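*Asks:* This is the structure I want to talk about, given as structure tokens.
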Amino acid sequence: ANLLNSITNIKKNGNYDLSEIFIIPKGKASALNRANDMGAALEFFMKDSICNTFKEKDLQKKKDAYKENFSYFGTQNHPPDLILKNGDAMEVKKKDGVGNSELQLNSSYPKSKIYSSSTLITQACKDCEEGWVEKDMIYSVGFVDDNNLKLLTLVYGDCYAASPEIYEKVKNKVIDGIGESIENSADTNELGRLNGIDPLKITNMRIRGMWTIQNPLSVFSDIFGYQKGESNFTLIALMKKKKYASYPEKDRKAIENDKDIKVQIVKIQEPDNPTKQTEAVLIKFDVK
């Protein structure tokens, strides 16, 4: 299972109505439920694209396919949302309508990759595969209009986000500033914590960072070439040329030999140093 297989499966499926997605319910339910929450539906859409289980209605078979292909499913407040077994990590974001609104990353800054040493991931994530150190990150952003997935962008983090030290430097400046300027600050994994700020010393204040990033459609508008209203569904994937070359040849050939899928070499700015450009692979198909 990998992103190229996922793209092939999405094209073959041909159904982009997220209200038609069946999800595995929480609790002890014994049958699949039709998704009402389009955010949850998009996440299951991505799971099914990777496992090729769009049409699978048998609950146990779907669970087995997920178990075979994923090593970790995330929680609401801790990225990533998915980790492919011995493969990449993925963060799934839904946007209402096709536009330039920012992605809400909450307390976690953008990730070029994820690392097992990170304090921002759960212990379960750290333990999901023995001995893993780092994983490439995919940002899967679905633009949804009236339950229909109109645009899906799949962008690797190293095309999009800077290295961790860029964000950590800013974060640490804020933390140090709070600690130096306020008497009753306390140690915390957040940006800051102020204890006993009232006369009775019974009220505390937590200070958290709320990170956002421009969505890929806005950042890469010049190379995506997307025109709203020209198609019923569009998929656009972007990865560095080196990453594309790392995929199995048969998976690359399946993409390249499909006459409806466009594969081209583009140049993008390096997130750490925009004065430099690097070659990347853009994959795109439209459904009219």
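In the structure tokens, the first chain shown is A, the next is B, and so on; residue numbers restart at 1 for each chain, and ligands run from 1 in the order shown.
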From range 50-213 of chain A, collect each residue whose DSSP state is helix (DSSP H, G or I) and return the set as a PyMOL selection string.
*Replies:* chain A and resi 50-51+59-69+123-126+157-159+164-181
*Asks:* What would the file look like if the residues just selected were written as a compact mmCIF listing (two decimals), in the first residue's frame with N, CA, C and O atoms?
*Replies:*
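Done, and the output landed in result_32.txt:
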# COMPACT_ATOMS: atom_id res chain seq x y z
N ILE A 50 -6.39 3.59 0.10
CA ILE A 50 -5.12 2.89 0.31
C ILE A 50 -5.32 1.39 0.32
O ILE A 50 -4.50 0.63 -0.21
N CYS A 51 -6.43 0.94 0.90
CA CYS A 51 -6.70 -0.51 1.02
C CYS A 51 -7.52 -1.06 -0.14
O CYS A 51 -7.75 -2.27 -0.21
N LEU A 59 -17.98 -5.79 7.53
CA LEU A 59 -17.24 -5.10 8.57
C LEU A 59 -15.91 -5.76 8.89
O LEU A 59 -14.87 -5.09 8.98
N GLN A 60 -15.91 -7.08 9.04
CA GLN A 60 -14.68 -7.76 9.42
C GLN A 60 -13.63 -7.70 8.32
O GLN A 60 -12.44 -7.52 8.59
N LYS A 61 -14.07 -7.83 7.07
CA LYS A 61 -13.11 -7.75 5.96
C LYS A 61 -12.48 -6.36 5.87
O LYS A 61 -11.30 -6.22 5.57
N LYS A 62 -13.28 -5.35 6.15
CA LYS A 62 -12.73 -3.98 6.12
C LYS A 62 -11.73 -3.79 7.26
O LYS A 62 -10.65 -3.23 7.07
N LYS A 63 -12.08 -4.29 8.45
CA LYS A 63 -11.15 -4.21 9.58
C LYS A 63 -9.85 -4.95 9.28
O LYS A 63 -8.76 -4.46 9.60
N ASP A 64 -9.96 -6.13 8.66
CA ASP A 64 -8.77 -6.91 8.33
C ASP A 64 -7.89 -6.16 7.34
O ASP A 64 -6.65 -6.18 7.46
N ALA A 65 -8.50 -5.51 6.36
CA ALA A 65 -7.73 -4.75 5.37
C ALA A 65 -7.02 -3.58 6.02
O ALA A 65 -5.86 -3.30 5.71
N TYR A 66 -7.70 -2.91 6.93
CA TYR A 66 -7.07 -1.80 7.63
C TYR A 66 -5.89 -2.28 8.48
O TYR A 66 -4.83 -1.66 8.52
N LYS A 67 -6.10 -3.40 9.17
CA LYS A 67 -5.05 -3.94 10.02
C LYS A 67 -3.82 -4.33 9.20
O LYS A 67 -2.68 -4.17 9.63
N GLU A 68 -4.07 -4.83 7.99
CA GLU A 68 -2.97 -5.27 7.12
C GLU A 68 -2.15 -4.10 6.60
O GLU A 68 -0.95 -4.23 6.38
N ASN A 69 -2.80 -2.95 6.40
CA ASN A 69 -2.15 -1.85 5.70
C ASN A 69 -1.74 -0.67 6.57
O ASN A 69 -0.98 0.18 6.12
N GLN A 123 2.55 8.11 22.74
CA GLN A 123 3.39 6.94 22.95
C GLN A 123 2.96 5.80 22.05
O GLN A 123 3.79 5.03 21.55
N ALA A 124 1.65 5.68 21.82
CA ALA A 124 1.15 4.64 20.92
C ALA A 124 1.70 4.81 19.51
O ALA A 124 2.03 3.82 18.83
N CYS A 125 1.82 6.06 19.09
CA CYS A 125 2.40 6.34 17.77
C CYS A 125 3.88 5.97 17.75
O CYS A 125 4.37 5.37 16.79
N LYS A 126 4.59 6.30 18.81
CA LYS A 126 6.01 5.98 18.89
C LYS A 126 6.24 4.46 18.86
O LYS A 126 7.27 3.99 18.36
N GLY A 157 5.02 16.63 2.97
CA GLY A 157 5.42 17.69 3.88
C GLY A 157 6.71 18.37 3.53
O GLY A 157 6.86 19.58 3.78
N ASP A 158 7.67 17.64 2.96
CA ASP A 158 8.95 18.27 2.66
C ASP A 158 8.88 19.18 1.43
O ASP A 158 9.85 19.88 1.12
N CYS A 159 7.74 19.21 0.73
CA CYS A 159 7.50 20.19 -0.32
C CYS A 159 6.85 21.45 0.24
O CYS A 159 6.77 22.48 -0.45
N PRO A 164 11.87 21.18 11.39
CA PRO A 164 11.36 21.43 12.76
C PRO A 164 12.05 22.58 13.48
O PRO A 164 11.40 23.32 14.22
N GLU A 165 13.36 22.75 13.28
CA GLU A 165 14.08 23.77 14.03
C GLU A 165 13.57 25.18 13.71
O GLU A 165 13.68 26.09 14.55
N ILE A 166 13.01 25.38 12.52
CA ILE A 166 12.46 26.70 12.17
C ILE A 166 11.31 27.06 13.12
O ILE A 166 11.24 28.17 13.66
N TYR A 167 10.41 26.10 13.32
CA TYR A 167 9.25 26.33 14.18
C TYR A 167 9.63 26.30 15.66
O TYR A 167 9.11 27.09 16.46
N GLU A 168 10.54 25.40 16.00
CA GLU A 168 10.96 25.28 17.39
C GLU A 168 11.64 26.55 17.88
O GLU A 168 11.48 26.95 19.04
N LYS A 169 12.39 27.20 17.00
CA LYS A 169 13.09 28.43 17.37
C LYS A 169 12.10 29.51 17.78
O LYS A 169 12.28 30.18 18.81
N VAL A 170 11.04 29.66 16.98
CA VAL A 170 10.02 30.66 17.30
C VAL A 170 9.26 30.27 18.57
O VAL A 170 9.02 31.10 19.46
N LYS A 171 8.91 29.01 18.66
CA LYS A 171 8.18 28.51 19.83
C LYS A 171 8.99 28.74 21.10
O LYS A 171 8.45 29.19 22.13
N ASN A 172 10.28 28.45 21.07
CA ASN A 172 11.12 28.61 22.26
C ASN A 172 11.30 30.07 22.66
O ASN A 172 11.43 30.39 23.85
N LYS A 173 11.31 30.97 21.68
CA LYS A 173 11.38 32.39 21.99
C LYS A 173 10.16 32.83 22.79
O LYS A 173 10.26 33.60 23.74
N VAL A 174 8.99 32.32 22.38
CA VAL A 174 7.75 32.65 23.09
C VAL A 174 7.80 32.08 24.50
O VAL A 174 7.47 32.76 25.49
N ILE A 175 8.21 30.82 24.63
CA ILE A 175 8.28 30.17 25.94
C ILE A 175 9.25 30.91 26.86
O ILE A 175 8.94 31.18 28.03
N ASP A 176 10.43 31.25 26.32
CA ASP A 176 11.43 31.95 27.13
C ASP A 176 10.92 33.32 27.56
O ASP A 176 11.15 33.76 28.70
N GLY A 177 10.22 34.01 26.64
CA GLY A 177 9.70 35.34 26.95
C GLY A 177 8.67 35.30 28.06
O GLY A 177 8.67 36.14 28.96
N ILE A 178 7.81 34.29 28.03
CA ILE A 178 6.80 34.15 29.09
C ILE A 178 7.47 33.86 30.42
O ILE A 178 7.14 34.45 31.45
N GLY A 179 8.45 32.95 30.40
CA GLY A 179 9.13 32.57 31.63
C GLY A 179 9.89 33.70 32.26
O GLY A 179 9.95 33.84 33.49
N GLU A 180 10.47 34.58 31.44
CA GLU A 180 11.28 35.68 31.96
C GLU A 180 10.44 36.85 32.45
O GLU A 180 10.85 37.60 33.34
N SER A 181 9.26 37.02 31.86
CA SER A 181 8.49 38.24 32.14
C SER A 181 7.40 38.06 33.19
O SER A 181 6.89 39.05 33.71
*Asks:* Mind checking which residues fall within 7 Å of range 219-232 of chain A, counting only C-alpha atoms, ignoring those fewer than 3 positions away in the same chain, and posting them as an MDAnalysis selection string?
*Replies:* chainID A and resid 150 214:216 286:288
*Asks:* Store the residues picked out above in a file with N, CA and C atoms, as a compact mmCIF listing (two decimals), in the first residue's frame.
*Replies:*
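Dumped everything to selection29.txt:
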# COMPACT_ATOMS: atom_id res chain seq x y z
N LYS A 150 -14.75 17.72 -4.22
CA LYS A 150 -14.50 18.41 -5.49
C LYS A 150 -13.03 18.43 -5.86
N GLN A 214 -1.23 28.10 5.19
CA GLN A 214 -2.01 28.25 3.96
C GLN A 214 -2.22 26.88 3.33
N ASN A 215 -3.41 26.65 2.77
CA ASN A 215 -3.66 25.33 2.20
C ASN A 215 -2.91 25.16 0.88
N PRO A 216 -2.68 23.91 0.45
CA PRO A 216 -1.85 23.67 -0.73
C PRO A 216 -2.37 24.34 -2.01
N ASP A 286 -8.47 14.81 -13.82
CA ASP A 286 -9.77 15.48 -13.68
C ASP A 286 -10.88 14.53 -14.10
N VAL A 287 -12.01 14.66 -13.44
CA VAL A 287 -13.23 13.96 -13.86
C VAL A 287 -14.24 15.02 -14.24
N LYS A 288 -14.57 15.10 -15.51
CA LYS A 288 -15.47 16.14 -16.01
C LYS A 288 -16.92 15.89 -15.60
*Asks:* Which residues come within 7 Å of Leu151 in chain A, counting only C-alpha atoms, excluding same-chain residues fewer than 4 positions away, as a PDB file with C-alpha atoms, in the first residue's frame?
*Replies:*
ATOM      1  CA  GLY A 142     -10.156  17.479   0.664  1.00  0.00           C
ATOM      2  CA  PHE A 143     -12.286  20.393  -0.550  1.00  0.00           C
ATOM      3  CA  PHE A 233     -13.529  16.176  -9.294  1.00  0.00           C
ATOM      4  CA  THR A 234      -9.796  16.845  -9.466  1.00  0.00           C
ATOM      5  CA  LEU A 235      -6.918  15.057  -7.746  1.00  0.00           C
TER       6      LEU A 235
END
*Asks:* Could you work out how far CA of Thr153 in chain A lies from CA of Glu256 in chain A, giving the answer in Å with one decimal?
*Replies:* 18.4 Å
*Asks:* So the first atom is CA of Tyr156 in chain A and the second is CA of Leu105 in chain A; what is the distance between them in Å, to one decimal place?
*Replies:*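 Taking CA of Tyr156 in chain A and CA of Leu105 in chain A, their separation equals 15.7 Å.
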*Asks:* Range 6-157 of chain A: which residues are strand (DSSP E or B) by DSSP, as a ChimeraX atom specification?
*Replies:* /A:17,22-23,33-34,70-75,78-84,89-96,103-106,113-115,134-145,148-156
*Asks:* So which one's closest to Asp58 in chain A, A:Phe22, A:Arg208, A:Leu217, A:Asn100? Using only C-alpha atoms, please.
*Replies:*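 Closest to Asp58 in chain A of all the choices is A:Phe22.
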*Asks:* So how far away is CA of Lys85 in chain A from CA of Ile121 in chain A, in Å?
*Replies:*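 Going from CA of Ile121 in chain A over to CA of Lys85 in chain A, I get 16.8 Å.
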*Asks:* Give me, as a ChimeraX atom specification, all polymer residues having an atom no more than 7 Å from Val155 in chain A, counting only C-alpha atoms and skipping those fewer than 5 positions away in the same chain.
*Replies:* /A:138-140,237-239
*Asks:* Find the residues around Glu20 in chain A up to 12 Å (only C-alpha atoms counted), leave out those fewer than 5 positions away in its own chain, and share them as a PyMOL selection string.
*Replies:* chain A and resi 13-15+32-38+41-42+44-45+54-55+57+147-149
*Asks:* Print the selection's residues with N, CA, C and O atoms to a file, as a tab-separated table (two decimals), in the first residue's frame.
*Replies:*
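Result written to out.tsv:
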chain	number	residue	atom	x	y	z
A	13	ASN	N	-12.36	4.01	-8.58
A	13	ASN	CA	-13.61	4.04	-7.81
A	13	ASN	C	-14.65	4.93	-8.48
A	13	ASN	O	-15.81	4.56	-8.63
A	14	GLY	N	-14.23	6.13	-8.84
A	14	GLY	CA	-15.10	7.02	-9.61
A	14	GLY	C	-16.27	7.62	-8.86
A	14	GLY	O	-17.10	8.30	-9.47
A	15	ASN	N	-16.36	7.41	-7.56
A	15	ASN	CA	-17.47	7.97	-6.78
A	15	ASN	C	-16.89	8.93	-5.74
A	15	ASN	O	-16.13	8.52	-4.87
A	32	LEU	N	-21.37	-1.76	9.30
A	32	LEU	CA	-20.87	-0.47	8.88
A	32	LEU	C	-21.98	0.58	8.93
A	32	LEU	O	-23.15	0.27	8.70
A	33	ASN	N	-21.60	1.82	9.21
A	33	ASN	CA	-22.55	2.94	9.22
A	33	ASN	C	-22.22	3.89	8.09
A	33	ASN	O	-21.04	4.12	7.78
A	34	ARG	N	-23.24	4.47	7.50
A	34	ARG	CA	-23.00	5.51	6.50
A	34	ARG	C	-22.56	6.78	7.22
A	34	ARG	O	-23.13	7.17	8.24
A	35	ALA	N	-21.54	7.44	6.70
A	35	ALA	CA	-20.97	8.60	7.38
A	35	ALA	C	-21.89	9.81	7.31
A	35	ALA	O	-22.45	10.12	6.25
A	36	ASN	N	-22.07	10.48	8.44
A	36	ASN	CA	-22.78	11.75	8.49
A	36	ASN	C	-21.81	12.92	8.57
A	36	ASN	O	-22.05	13.98	8.02
A	37	ASP	N	-20.72	12.72	9.28
A	37	ASP	CA	-19.67	13.73	9.43
A	37	ASP	C	-18.73	13.64	8.23
A	37	ASP	O	-18.05	12.62	8.04
A	38	MET	N	-18.67	14.69	7.41
A	38	MET	CA	-17.87	14.64	6.19
A	38	MET	C	-16.37	14.64	6.49
A	38	MET	O	-15.57	14.19	5.68
A	41	ALA	N	-15.81	11.07	7.09
A	41	ALA	CA	-15.97	10.39	5.81
A	41	ALA	C	-14.73	10.54	4.94
A	41	ALA	O	-14.30	9.59	4.29
A	42	LEU	N	-14.12	11.73	4.96
A	42	LEU	CA	-12.91	11.95	4.16
A	42	LEU	C	-11.77	11.07	4.65
A	42	LEU	O	-11.01	10.51	3.86
A	44	PHE	N	-12.06	8.14	6.13
A	44	PHE	CA	-12.33	6.78	5.68
A	44	PHE	C	-12.17	6.64	4.17
A	44	PHE	O	-11.78	5.58	3.67
A	45	PHE	N	-12.45	7.72	3.44
A	45	PHE	CA	-12.20	7.72	2.00
A	45	PHE	C	-10.73	7.46	1.73
A	45	PHE	O	-10.37	6.66	0.85
A	54	PHE	N	-13.24	0.52	-1.12
A	54	PHE	CA	-14.36	1.44	-1.29
A	54	PHE	C	-15.70	0.71	-1.27
A	54	PHE	O	-16.68	1.17	-0.70
A	55	LYS	N	-15.75	-0.44	-1.90
A	55	LYS	CA	-17.02	-1.14	-2.07
A	55	LYS	C	-17.22	-2.27	-1.07
A	55	LYS	O	-18.20	-3.01	-1.15
A	57	LYS	N	-18.44	-3.94	2.07
A	57	LYS	CA	-19.48	-3.69	3.08
A	57	LYS	C	-19.39	-4.65	4.27
A	57	LYS	O	-20.11	-4.48	5.25
A	147	ASN	N	-21.36	17.74	0.33
A	147	ASN	CA	-21.00	16.32	0.53
A	147	ASN	C	-20.17	15.72	-0.60
A	147	ASN	O	-19.74	14.57	-0.50
A	148	ASN	N	-19.94	16.48	-1.66
A	148	ASN	CA	-19.16	15.97	-2.78
A	148	ASN	C	-17.72	16.45	-2.68
A	148	ASN	O	-17.46	17.65	-2.49
A	149	LEU	N	-16.80	15.51	-2.81
A	149	LEU	CA	-15.38	15.84	-2.82
A	149	LEU	C	-15.03	16.42	-4.19
A	149	LEU	O	-15.06	15.72	-5.20
*Asks:* Rank nothing, just name the residue among A:Lys11, A:Lys95, A:Lys267, A:Lys47 nearest to Asp81 in chain A, using only C-alpha atoms.
*Replies:*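 With only C-alpha atoms as the atom set, the closest residue is A:Lys47.
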*Asks:* Can you pull out the residues contacting Phe73 in chain A? Cut-off 9 Å, using only C-alpha atoms, and skip same-chain residues under 2 positions away; I want them as an mmCIF file with all heavy atoms, in the first residue's frame.
*Replies:*
data_model
loop_
_atom_site.group_PDB
_atom_site.id
_atom_site.type_symbol
_atom_site.label_atom_id
_atom_site.label_comp_id
_atom_site.auth_asym_id
_atom_site.auth_seq_id
_atom_site.Cartn_x
_atom_site.Cartn_y
_atom_site.Cartn_z
ATOM 1 N N PHE A 70 -2.267 -0.590 7.802
ATOM 2 C CA PHE A 70 -1.943 0.542 8.673
ATOM 3 C C PHE A 70 -1.330 0.049 9.978
ATOM 4 O O PHE A 70 -1.707 -1.001 10.498
ATOM 5 C CB PHE A 70 -3.192 1.363 8.997
ATOM 6 C CG PHE A 70 -3.816 2.026 7.802
ATOM 7 C CD1 PHE A 70 -4.957 1.494 7.228
ATOM 8 C CD2 PHE A 70 -3.272 3.167 7.248
ATOM 9 C CE1 PHE A 70 -5.549 2.084 6.125
ATOM 10 C CE2 PHE A 70 -3.844 3.773 6.145
ATOM 11 C CZ PHE A 70 -4.986 3.226 5.579
ATOM 12 N N SER A 71 -0.426 0.851 10.513
ATOM 13 C CA SER A 71 0.149 0.523 11.822
ATOM 14 C C SER A 71 -0.358 1.457 12.907
ATOM 15 O O SER A 71 -0.150 1.189 14.096
ATOM 16 C CB SER A 71 1.684 0.591 11.764
ATOM 17 O OG SER A 71 2.124 1.900 11.415
ATOM 18 N N THR A 75 -5.321 10.264 17.001
ATOM 19 C CA THR A 75 -6.396 10.836 17.801
ATOM 20 C C THR A 75 -6.629 12.268 17.341
ATOM 21 O O THR A 75 -5.819 12.842 16.605
ATOM 22 C CB THR A 75 -6.037 10.825 19.296
ATOM 23 O OG1 THR A 75 -4.842 11.620 19.483
ATOM 24 C CG2 THR A 75 -5.766 9.414 19.782
ATOM 25 N N PRO A 80 0.050 12.052 13.562
ATOM 26 C CA PRO A 80 -0.730 12.100 12.320
ATOM 27 C C PRO A 80 -2.041 11.333 12.448
ATOM 28 O O PRO A 80 -2.254 10.640 13.451
ATOM 29 C CB PRO A 80 0.210 11.403 11.334
ATOM 30 C CG PRO A 80 0.886 10.351 12.183
ATOM 31 C CD PRO A 80 1.100 11.004 13.523
ATOM 32 N N ASP A 81 -2.898 11.435 11.425
ATOM 33 C CA ASP A 81 -4.167 10.702 11.439
ATOM 34 C C ASP A 81 -3.970 9.230 11.082
ATOM 35 O O ASP A 81 -4.670 8.365 11.600
ATOM 36 C CB ASP A 81 -5.148 11.325 10.449
ATOM 37 C CG ASP A 81 -5.617 12.699 10.907
ATOM 38 O OD1 ASP A 81 -5.916 12.840 12.103
ATOM 39 O OD2 ASP A 81 -5.679 13.620 10.077
ATOM 40 N N LEU A 82 -3.022 8.957 10.176
ATOM 41 C CA LEU A 82 -2.787 7.594 9.699
ATOM 42 C C LEU A 82 -1.301 7.353 9.537
ATOM 43 O O LEU A 82 -0.546 8.269 9.216
ATOM 44 C CB LEU A 82 -3.446 7.368 8.318
ATOM 45 C CG LEU A 82 -4.889 7.805 8.102
ATOM 46 C CD1 LEU A 82 -5.223 7.737 6.611
ATOM 47 C CD2 LEU A 82 -5.827 6.919 8.896
ATOM 48 N N ILE A 83 -0.876 6.116 9.740
ATOM 49 C CA ILE A 83 0.464 5.697 9.342
ATOM 50 C C ILE A 83 0.331 4.406 8.551
ATOM 51 O O ILE A 83 -0.238 3.415 9.033
ATOM 52 C CB ILE A 83 1.403 5.488 10.545
ATOM 53 C CG1 ILE A 83 1.688 6.821 11.242
ATOM 54 C CG2 ILE A 83 2.721 4.853 10.094
ATOM 55 C CD1 ILE A 83 2.648 6.709 12.427
ATOM 56 N N CYS A 125 1.823 6.056 19.094
ATOM 57 C CA CYS A 125 2.399 6.341 17.773
ATOM 58 C C CYS A 125 3.882 5.970 17.751
ATOM 59 O O CYS A 125 4.366 5.368 16.794
ATOM 60 C CB CYS A 125 2.204 7.814 17.434
ATOM 61 S SG CYS A 125 2.800 8.290 15.795
#
*Asks:* With distances taken over only C-alpha atoms, which residue among A:Ser49, A:Ser19, A:Asn195, A:Thr122 lies nearest Val144 in chain A?
*Replies:*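 Counting only C-alpha atoms, the residue closest to Val144 in chain A is A:Ser19.
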*Asks:* Contacts of Val141 in chain A at 6 Å or less, counting only C-alpha atoms, minus same-chain residues fewer than 2 places along, as an MDAnalysis selection string?
*Replies:* chainID A and resid 92:94 152:153
